[in-house]
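Participant: I am attaching a structure below and will ask some questions about it afterwards.
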Amino acid sequence: MKQFFALLLMLCLLVSALPALGEVYVNKTPPEDWETRDLLRVTVFRTGEGDCMLLQAGGENMMLDGGPYKYRESLRDALKDRDISHFKYLFSTHPHDDHIDGLRMIMYYGFEVEEFVSMFPKNVHDTEGNQKKAMAVLDKAGIHYRQISYGDELTLGGAALTFYSWPEGRTLDAQCSMTKLIYGDCSALFTADIIGDTQHHFLETLEPEILKADVLKAPHHGLTAMVPDFLTAVDPAYIWVTNYGTRGYRIKNQGERRKLPVQFSGDGTIILECDGTDWYIHQNLRQF
């Protein structure tokens with residue numbers, strides 16, 4: 001009997017030492033004191049089939065891609081409405097127009113930018129010349145360009161972001177950056193436009209805890225289904241897709257089979273907030 005109680009005590013101590021598991025609440029009202037807490041906020045703007053995400057923590061701002069050119073004025077106005085004039089980072093996952101053009105226009109409109117960051121070299125070639133156009137604006141504005149490497153980390157307020165890529169991939173999509181974000185006990189995985197081959201590569205080369213995340217941005221605008229083993233490894237409680245709901249049905253079907261909520265930023269801006277423990281997520285349908 002003494003051995004039983006000793007074992008029970010050990011188990012209780014072990015459980016109490018484990019970090020509390022956070023919850024993901026979608027379209028739920030947060031606690032009354034929510035706005036008084038130190039929050040990480042991810043705003044996924046309504047830029048159709050394009051990635052455009054504002055990250056905010058500890059009074060610092062960062063763009064993770066900037067969406068297509070056609071939304072440049074909507075993005076400018078949305079940032080000004082949020083009283084944002086300064087960015088610690090503009091991060092480019094890869095130089096396709098639906099990701100980098102908005103970053104170019106942020107620089108063109110005169111927002112203060114400390115650094116433009118990418119895993120690609122400044123002179124990377126893309127067939128449409130998107131990088132060259134963005135770099136011309138960057139140079140004119142005198143903004144510093146920093147190329148980071150596999151596994152490098154950036155901090156934003158109390159958040160840590162670590163970056164991974166597959167430089168041997170055969171296309172820019174295959175080579176683009178995947179970002180893991182940690183804020184307290186909360187985690188998010190931003191997969192940019194990684195293709196199936198890249199997902200398999202990460203499954204083979206990354207530790208499981210790197211892929212595991214509470215919330216997941218679906219790869220490549222949900223145009224193709226995710227590799228099932230990749231989705232299993234991430235094991236998210238929520239997925240968002242940077243596309244219209246009418247175009248991301250494959251991801252929606254994957255989510256429904258796993259009983260996961262899936263939202264589409266093309267149908268309205270999505271806001272994800274966490275306090276280091278829990279996520280509260282809501283969508284402003286038909287709004288930028």
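We name chains A, B, ... following the order of the structure tokens; residues begin at 1 in each chain, and ligands are numbered from 1 as shown.
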Within 6 Å of Asp267 in chain A, counting only C-alpha atoms, which residues qualify if same-chain residues fewer than 5 places away don't, as number ranges by chain?
Facilitator: A: 244, 285-286
Participant: Can you list every residue in range 124-198 of chain A that DSSP puts in strand (DSSP E or B), as an MDAnalysis selection string?
Facilitator: chainID A and resid 144:147 153:156 159:164 178:183 186:190
Participant: Considering only C-alpha atoms, state which residue in the set A:Leu75, A:Leu154, A:Met178, A:Leu39 is at the smallest distance from Asp193 in chain A.
Facilitator: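 Of all the options, A:Met178 lies closest to Asp193 in chain A.
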Participant: Please list as a list in words every residue within 6 Å of range 90-94 of chain A, counting only C-alpha atoms and excluding residues in the same chain fewer than 2 positions away.
Facilitator: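 Here the qualifying residues turn out to be Met62, Met63, Leu64, Asp65, His96, Phe116, Val117, Ser118, Cys176 and Ser177 of chain A.
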Participant: Give me the residues within 12 Å of Ser74 in chain A as a list in words, counting only C-alpha atoms and dropping any in the same chain fewer than 6 places off.
Facilitator: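 Result of the neighbour search: Phe45, Arg46, Thr47, Cys52, Gly66, Gly67, Pro68, Lys80, Asp81, Gly102, Met105, Ile106, Thr269, Gln287 and Phe288 of chain A.
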Participant: Hey, could you make a per-residue contact list for range 56-137 of chain A against range 181-187 of chain A with 12 Å as the cut-off, showing the nearest pair of atoms and its distance in Å to one decimal, counting only C-alpha atoms, sorted by chain and number, as a Markdown table?
Facilitator:
| residue | atom | partner | partner_atom | distance |
| --- | --- | --- | --- | --- |
| A:Gln56 | CA | A:Tyr183 | CA | 11.3 |
| A:Ala57 | CA | A:Tyr183 | CA | 9.2 |
| A:Gly58 | CA | A:Tyr183 | CA | 11.1 |
| A:Leu64 | CA | A:Leu181 | CA | 11.6 |
Participant: For the selection you just gave me, I'd like the residues written to a file as a PDB file, in the first residue's frame, keeping N, CA, C and O atoms.
Facilitator:
ATOM      1  N   GLN A  56       2.151  40.864 -34.399  1.00  0.00           N
ATOM      2  CA  GLN A  56       2.383  41.902 -33.406  1.00  0.00           C
ATOM      3  C   GLN A  56       2.579  41.272 -32.036  1.00  0.00           C
ATOM      4  O   GLN A  56       1.783  40.422 -31.614  1.00  0.00           O
ATOM      5  N   ALA A  57       3.629  41.713 -31.341  1.00  0.00           N
ATOM      6  CA  ALA A  57       3.893  41.238 -29.979  1.00  0.00           C
ATOM      7  C   ALA A  57       4.817  42.227 -29.300  1.00  0.00           C
ATOM      8  O   ALA A  57       5.774  42.717 -29.907  1.00  0.00           O
ATOM      9  N   GLY A  58       4.527  42.531 -28.035  1.00  0.00           N
ATOM     10  CA  GLY A  58       5.392  43.399 -27.259  1.00  0.00           C
ATOM     11  C   GLY A  58       5.628  44.754 -27.874  1.00  0.00           C
ATOM     12  O   GLY A  58       6.702  45.344 -27.717  1.00  0.00           O
ATOM     13  N   LEU A  64       4.721  39.122 -42.439  1.00  0.00           N
ATOM     14  CA  LEU A  64       5.134  37.845 -42.999  1.00  0.00           C
ATOM     15  C   LEU A  64       4.466  37.752 -44.368  1.00  0.00           C
ATOM     16  O   LEU A  64       3.300  37.373 -44.476  1.00  0.00           O
TER      17      LEU A  64
END
Participant: Show me, as JSON, numbers by chain, the residues that have an atom within 6 Å of Val215 in chain A when counting only C-alpha atoms, minus same-chain residues fewer than 5 positions from it.
Facilitator: {"A": [188, 236, 237, 238, 239]}
Participant: For the atom pair CA of Phe230 in chain A and CA of Gln254 in chain A, what is the interatomic distance in Å to one decimal place?
Facilitator: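 For CA of Phe230 in chain A relative to CA of Gln254 in chain A, the distance reads 12.0 Å.
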Participant: Ranking A:Glu128, A:Gly158, A:Arg72, A:Asn61 by minimum distance to Glu115 in chain A and counting only C-alpha atoms, which one comes first?
Facilitator: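 For Glu115 in chain A, the nearest of the candidates is A:Asn61.
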Participant: Quick one, how far is CA of Cys274 in chain A from CA of Glu23 in chain A?
Facilitator: 9.7 Å
Participant: Which residue is closest to Gln131 in chain A? Choose from A:Ile100, A:Ala159, A:Ile251, A:Val113 and count only C-alpha atoms.
Facilitator: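 Looking at the shortest contact to Gln131 in chain A, the residue is A:Ile100.
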Participant: Please identify all polymer residues within 12 Å of Gln263 in chain A, counting only C-alpha atoms, omitting same-chain residues fewer than 4 positions from it, and present them as an mmCIF file with C-alpha atoms, in the first residue's frame.
Facilitator:
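Writing done, so here's selection_0.cif:
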data_model
loop_
_atom_site.group_PDB
_atom_site.id
_atom_site.type_symbol
_atom_site.label_atom_id
_atom_site.label_comp_id
_atom_site.auth_asym_id
_atom_site.auth_seq_id
_atom_site.Cartn_x
_atom_site.Cartn_y
_atom_site.Cartn_z
ATOM 1 C CA VAL A 26 -12.777 29.755 -32.647
ATOM 2 C CA ASN A 27 -15.497 32.416 -32.741
ATOM 3 C CA VAL A 44 -4.336 37.410 -41.850
ATOM 4 C CA ARG A 46 -8.185 39.411 -46.954
ATOM 5 C CA VAL A 215 -2.556 26.378 -35.431
ATOM 6 C CA LEU A 216 -1.490 25.890 -39.042
ATOM 7 C CA LYS A 217 -1.445 27.998 -42.184
ATOM 8 C CA ALA A 218 -2.176 25.544 -44.992
ATOM 9 C CA HIS A 221 -3.251 28.622 -50.638
ATOM 10 C CA GLY A 222 -4.897 25.222 -50.223
ATOM 11 C CA TYR A 238 -7.178 24.864 -36.314
ATOM 12 C CA ILE A 239 -6.227 25.552 -39.962
ATOM 13 C CA TRP A 240 -6.467 28.699 -42.033
ATOM 14 C CA VAL A 241 -6.105 28.952 -45.796
ATOM 15 C CA THR A 242 -4.968 32.073 -47.662
ATOM 16 C CA ASN A 243 -7.544 31.735 -50.403
ATOM 17 C CA TYR A 244 -11.278 31.844 -51.057
ATOM 18 C CA GLY A 245 -13.412 29.105 -49.576
ATOM 19 C CA THR A 246 -14.534 28.112 -53.055
ATOM 20 C CA ARG A 247 -10.947 27.238 -54.030
ATOM 21 C CA GLY A 248 -9.683 25.455 -50.922
ATOM 22 C CA TYR A 249 -12.108 22.564 -50.783
ATOM 23 C CA ILE A 251 -8.036 21.387 -47.315
ATOM 24 C CA LYS A 252 -11.597 21.849 -46.073
ATOM 25 C CA ASN A 253 -12.251 18.166 -46.716
ATOM 26 C CA GLY A 255 -10.109 19.327 -41.937
ATOM 27 C CA GLU A 256 -13.626 17.928 -41.847
ATOM 28 C CA ASP A 267 -13.552 35.454 -47.439
ATOM 29 C CA GLY A 268 -12.578 37.943 -44.715
ATOM 30 C CA THR A 269 -9.647 38.913 -42.529
ATOM 31 C CA ILE A 270 -8.817 36.427 -39.765
ATOM 32 C CA ILE A 271 -7.397 37.492 -36.391
ATOM 33 C CA LEU A 272 -5.608 34.996 -34.161
ATOM 34 C CA ILE A 281 -9.633 33.284 -33.228
ATOM 35 C CA HIS A 282 -12.310 35.176 -35.116
ATOM 36 C CA GLN A 283 -12.998 36.204 -38.695
ATOM 37 C CA ASN A 284 -14.395 39.439 -40.079
ATOM 38 C CA LEU A 285 -16.273 38.138 -43.097
#
